[in-house]
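Visitor: My structure is stored as protein-v9.cif, with mmCIF, C-alpha atoms, pLDDT in the B column; chains and numbers go by the auth columns.
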data_structure
loop_
_atom_site.group_PDB
_atom_site.id
_atom_site.type_symbol
_atom_site.label_atom_id
_atom_site.label_comp_id
_atom_site.label_asym_id
_atom_site.label_seq_id
_atom_site.Cartn_x
_atom_site.Cartn_y
_atom_site.Cartn_z
_atom_site.B_iso_or_equiv
_atom_site.auth_seq_id
_atom_site.auth_asym_id
ATOM 1 C CA LEU A 1 0.000 0.000 0.000 97.00 1 K
ATOM 2 C CA LEU A 2 0.997 3.601 -0.582 98.00 2 K
ATOM 3 C CA PHE A 3 -0.192 6.434 1.663 98.00 3 K
ATOM 4 C CA LEU A 4 -0.055 10.064 0.485 98.00 4 K
ATOM 5 C CA SER A 5 -1.215 12.726 2.891 96.00 5 K
ATOM 6 C CA GLY A 6 -1.404 16.459 3.202 95.00 6 K
ATOM 7 C CA VAL A 7 -1.333 17.303 -0.503 97.00 7 K
ATOM 8 C CA VAL A 8 -2.273 20.986 -0.818 97.00 8 K
ATOM 9 C CA CYS A 9 -1.996 23.821 -3.323 96.00 9 K
ATOM 10 C CA ARG A 10 0.554 26.469 -2.301 94.00 10 K
ATOM 11 C CA THR A 11 -0.260 28.973 -5.041 93.00 11 K
ATOM 12 C CA PRO A 12 -3.116 31.472 -5.346 94.00 12 K
ATOM 13 C CA GLY A 13 -6.223 30.309 -7.143 96.00 13 K
ATOM 14 C CA ASP A 14 -9.859 29.374 -6.850 97.00 14 K
ATOM 15 C CA ILE A 15 -11.614 26.175 -5.852 97.00 15 K
ATOM 16 C CA LYS A 16 -11.108 24.708 -9.313 97.00 16 K
ATOM 17 C CA ALA A 17 -7.398 25.559 -9.519 97.00 17 K
ATOM 18 C CA HIS A 18 -6.540 24.167 -6.091 98.00 18 K
ATOM 19 C CA PRO A 19 -7.879 20.615 -6.563 98.00 19 K
ATOM 20 C CA GLU A 20 -6.491 20.545 -10.109 97.00 20 K
ATOM 21 C CA PHE A 21 -3.028 21.276 -8.703 97.00 21 K
ATOM 22 C CA ALA A 22 -3.336 18.877 -5.737 98.00 22 K
ATOM 23 C CA LEU A 23 -4.655 16.020 -7.870 98.00 23 K
ATOM 24 C CA GLY A 24 -1.860 16.622 -10.396 98.00 24 K
ATOM 25 C CA GLU A 25 0.699 16.340 -7.579 98.00 25 K
ATOM 26 C CA ILE A 26 -0.947 13.156 -6.335 98.00 26 K
ATOM 27 C CA LYS A 27 -0.813 11.691 -9.851 98.00 27 K
ATOM 28 C CA LYS A 28 2.921 12.487 -10.114 98.00 28 K
ATOM 29 C CA GLN A 29 3.686 10.987 -6.691 98.00 29 K
ATOM 30 C CA LEU A 30 1.659 7.846 -7.382 98.00 30 K
ATOM 31 C CA GLU A 31 3.343 7.263 -10.732 98.00 31 K
ATOM 32 C CA ALA A 32 6.811 7.874 -9.243 98.00 32 K
ATOM 33 C CA ALA A 33 6.072 5.126 -6.707 98.00 33 K
ATOM 34 C CA GLY A 34 4.822 2.669 -9.354 98.00 34 K
ATOM 35 C CA SER A 35 1.105 3.236 -8.818 98.00 35 K
ATOM 36 C CA SER A 36 -1.567 5.312 -10.604 98.00 36 K
ATOM 37 C CA MET A 37 -4.776 7.233 -10.080 98.00 37 K
ATOM 38 C CA GLU A 38 -6.692 4.103 -11.088 97.00 38 K
ATOM 39 C CA LYS A 39 -5.116 2.232 -8.142 98.00 39 K
ATOM 40 C CA VAL A 40 -6.376 4.633 -5.462 98.00 40 K
ATOM 41 C CA LEU A 41 -8.536 2.787 -2.949 98.00 41 K
ATOM 42 C CA ARG A 42 -9.523 5.620 -0.599 98.00 42 K
ATOM 43 C CA CYS A 43 -9.496 9.409 -0.784 98.00 43 K
ATOM 44 C CA THR A 44 -10.178 12.034 1.860 98.00 44 K
ATOM 45 C CA VAL A 45 -10.781 15.609 0.768 98.00 45 K
ATOM 46 C CA PHE A 46 -10.587 18.421 3.309 98.00 46 K
ATOM 47 C CA LEU A 47 -12.210 21.686 2.227 98.00 47 K
ATOM 48 C CA ALA A 48 -11.643 25.049 3.888 97.00 48 K
ATOM 49 C CA ASP A 49 -15.333 25.743 3.193 97.00 49 K
ATOM 50 C CA MET A 50 -18.054 23.225 2.284 97.00 50 K
ATOM 51 C CA LYS A 51 -19.649 25.805 -0.026 98.00 51 K
ATOM 52 C CA ASP A 52 -16.800 24.883 -2.404 97.00 52 K
ATOM 53 C CA PHE A 53 -17.926 21.250 -2.684 98.00 53 K
ATOM 54 C CA ALA A 54 -19.563 21.594 -6.113 98.00 54 K
ATOM 55 C CA GLY A 55 -16.558 23.363 -7.652 97.00 55 K
ATOM 56 C CA MET A 56 -14.132 20.833 -6.176 97.00 56 K
ATOM 57 C CA ASN A 57 -16.304 17.945 -7.348 97.00 57 K
ATOM 58 C CA GLU A 58 -16.325 19.241 -10.938 96.00 58 K
ATOM 59 C CA VAL A 59 -12.530 18.952 -11.013 97.00 59 K
ATOM 60 C CA TYR A 60 -12.385 15.713 -8.995 97.00 60 K
ATOM 61 C CA THR A 61 -14.880 13.765 -11.126 96.00 61 K
ATOM 62 C CA GLY A 62 -13.175 11.547 -13.681 95.00 62 K
ATOM 63 C CA LYS A 63 -9.634 11.847 -12.278 97.00 63 K
ATOM 64 C CA PHE A 64 -9.559 8.270 -10.981 97.00 64 K
ATOM 65 C CA GLY A 65 -10.709 6.311 -14.020 91.00 65 K
ATOM 66 C CA ASN A 66 -13.937 4.368 -14.447 91.00 66 K
ATOM 67 C CA ASP A 67 -14.022 2.946 -10.914 92.00 67 K
ATOM 68 C CA PRO A 68 -13.367 5.846 -8.526 94.00 68 K
ATOM 69 C CA PRO A 69 -12.228 5.218 -4.954 97.00 69 K
ATOM 70 C CA THR A 70 -14.377 5.661 -1.884 98.00 70 K
ATOM 71 C CA ARG A 71 -14.219 9.238 -0.684 98.00 71 K
ATOM 72 C CA SER A 72 -14.995 11.337 2.349 98.00 72 K
ATOM 73 C CA THR A 73 -15.208 15.101 2.038 98.00 73 K
ATOM 74 C CA ILE A 74 -15.186 17.217 5.164 98.00 74 K
ATOM 75 C CA ALA A 75 -14.754 20.858 6.137 97.00 75 K
ATOM 76 C CA ALA A 76 -11.519 21.602 7.968 97.00 76 K
ATOM 77 C CA ALA A 77 -10.242 24.834 9.453 93.00 77 K
ATOM 78 C CA GLY A 78 -6.602 25.813 9.170 94.00 78 K
ATOM 79 C CA ILE A 79 -5.511 23.955 6.041 96.00 79 K
ATOM 80 C CA PRO A 80 -1.767 24.675 5.573 94.00 80 K
ATOM 81 C CA ALA A 81 -0.419 27.228 3.074 93.00 81 K
ATOM 82 C CA ASN A 82 -3.791 28.998 2.793 93.00 82 K
ATOM 83 C CA SER A 83 -4.899 26.185 0.510 97.00 83 K
ATOM 84 C CA LEU A 84 -8.616 25.772 -0.122 98.00 84 K
ATOM 85 C CA ILE A 85 -8.151 22.002 -0.178 98.00 85 K
ATOM 86 C CA GLU A 86 -6.052 19.183 1.255 98.00 86 K
ATOM 87 C CA ILE A 87 -6.189 15.621 -0.062 98.00 87 K
ATOM 88 C CA ASP A 88 -5.058 12.263 1.369 98.00 88 K
ATOM 89 C CA VAL A 89 -5.098 9.016 -0.615 98.00 89 K
ATOM 90 C CA ILE A 90 -4.409 5.345 -0.055 98.00 90 K
ATOM 91 C CA ALA A 91 -3.413 3.390 -3.152 98.00 91 K
ATOM 92 C CA TYR A 92 -1.892 0.051 -4.022 98.00 92 K
ATOM 93 C CA ILE A 93 1.226 -0.569 -6.060 97.00 93 K
#
Could you write out this file's structure as structure tokens?

Guide:
Amino acid sequence: LLFLSGVVCRTPGDIKAHPEFALGEIKKQLEAAGSSMEKVLRCTVFLADMKDFAGMNEVYTGKFGNDPPTRSTIAAAGIPANSLIEIDVIAYI
């Protein structure tokens, strides 16, 4: 198993730019470890504000192939780097 945690966006942007960046970083890290987005089993998304759920979900949908992982999405105060989002994943190699 491969555990990636605390993936955030450290650059300015909106709720579509931040998950796009974070998911791109996750994809790079998974592939570097011999895994892929299609091998993600579990994903947790932390949002600075739940009002951003729809915008985040637009970007998130389709990133994990035809059989997306289980996911929890929760609101969390104090996400590092002023990011609007933080993502953790568990994948297999």

Visitor: Could you name the residues that touch K:Glu38 at 12 Å or less, counting all atoms listed in the file, but leaving out those on the same chain fewer than 4 positions away, as an MDAnalysis selection string?

Guide: chainID K and resid 26:27 30:31 34 42:43 62:69 89:93

Visitor: Output the selection as a CSV table (one decimal), in the frame of the given file - C-alpha atoms for each residue.

Guide:
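So again.csv came out as:
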chain,number,residue,atom,x,y,z
K,26,ILE,CA,-0.9,13.2,-6.3
K,27,LYS,CA,-0.8,11.7,-9.9
K,30,LEU,CA,1.7,7.8,-7.4
K,31,GLU,CA,3.3,7.3,-10.7
K,34,GLY,CA,4.8,2.7,-9.4
K,42,ARG,CA,-9.5,5.6,-0.6
K,43,CYS,CA,-9.5,9.4,-0.8
K,62,GLY,CA,-13.2,11.5,-13.7
K,63,LYS,CA,-9.6,11.8,-12.3
K,64,PHE,CA,-9.6,8.3,-11.0
K,65,GLY,CA,-10.7,6.3,-14.0
K,66,ASN,CA,-13.9,4.4,-14.4
K,67,ASP,CA,-14.0,2.9,-10.9
K,68,PRO,CA,-13.4,5.8,-8.5
K,69,PRO,CA,-12.2,5.2,-5.0
K,89,VAL,CA,-5.1,9.0,-0.6
K,90,ILE,CA,-4.4,5.3,-0.1
K,91,ALA,CA,-3.4,3.4,-3.2
K,92,TYR,CA,-1.9,0.1,-4.0
K,93,ILE,CA,1.2,-0.6,-6.1

Visitor: Name all residues at most 8 Å from K:Asp49 (count all atoms listed in the file; drop same-chain ones fewer than 6 positions away) and give them as a VMD selection string.

Guide: chain K and resid 75 to 76 84

Visitor: Looking at K:Ser36, K:Tyr60, K:Thr44, K:Gly78, which one is nearest to K:Val7, with distances taken over all atoms listed in the file?

Guide: K:Thr44

Visitor: Box for stretch 48-64 of chain K: with edges along x, y and z, all listed atoms inside and 4 Å added on each side, what are the centre and edge lengths in Å to one decimal, as AutoDock Vina command-line options?

Guide:
--center_x -14.6 --center_y 17.0 --center_z -4.9 --size_x 18.1 --size_y 25.5 --size_z 25.6

Visitor: One number please: atom CA of K:Leu41 to atom CA of K:Cys9, in Å, one decimal.

Guide: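 Distance between the two atoms: 22.0 Å.
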
Visitor: Have a look at atom CA of K:Asp52 and atom CA of K:His18 and let me know their distance in Å, one decimal.

Guide: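 Taking atom CA of K:Asp52 and atom CA of K:His18, their separation equals 10.9 Å.
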
Visitor: Calculated over only C-alpha atoms, which of the candidates K:Val40, K:Val59, K:Ala48, K:Leu23 has the smallest distance to K:Ala81?

Guide: K:Ala48

Visitor: To one decimal place, how far is atom CA of K:Val45 from atom CA of K:Thr61 in Å?

Guide: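 That distance, rounded to one decimal, is 12.7 Å.
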
Visitor: Neighbours of K:Ile15 within 10 Å (only C-alpha atoms; same-chain residues fewer than 4 positions away dropped), as an NGL selection string?

Guide: :K and (19-20 or 47-49 or 51-59 or 83-85)

Visitor: Given the file shown, determine the residues that the PyMOL selection byres ((chain K and resi 5) around 8) selects; report them as an NGL selection string.

Guide: :K and (3-4 or 6-7 or 87-89)
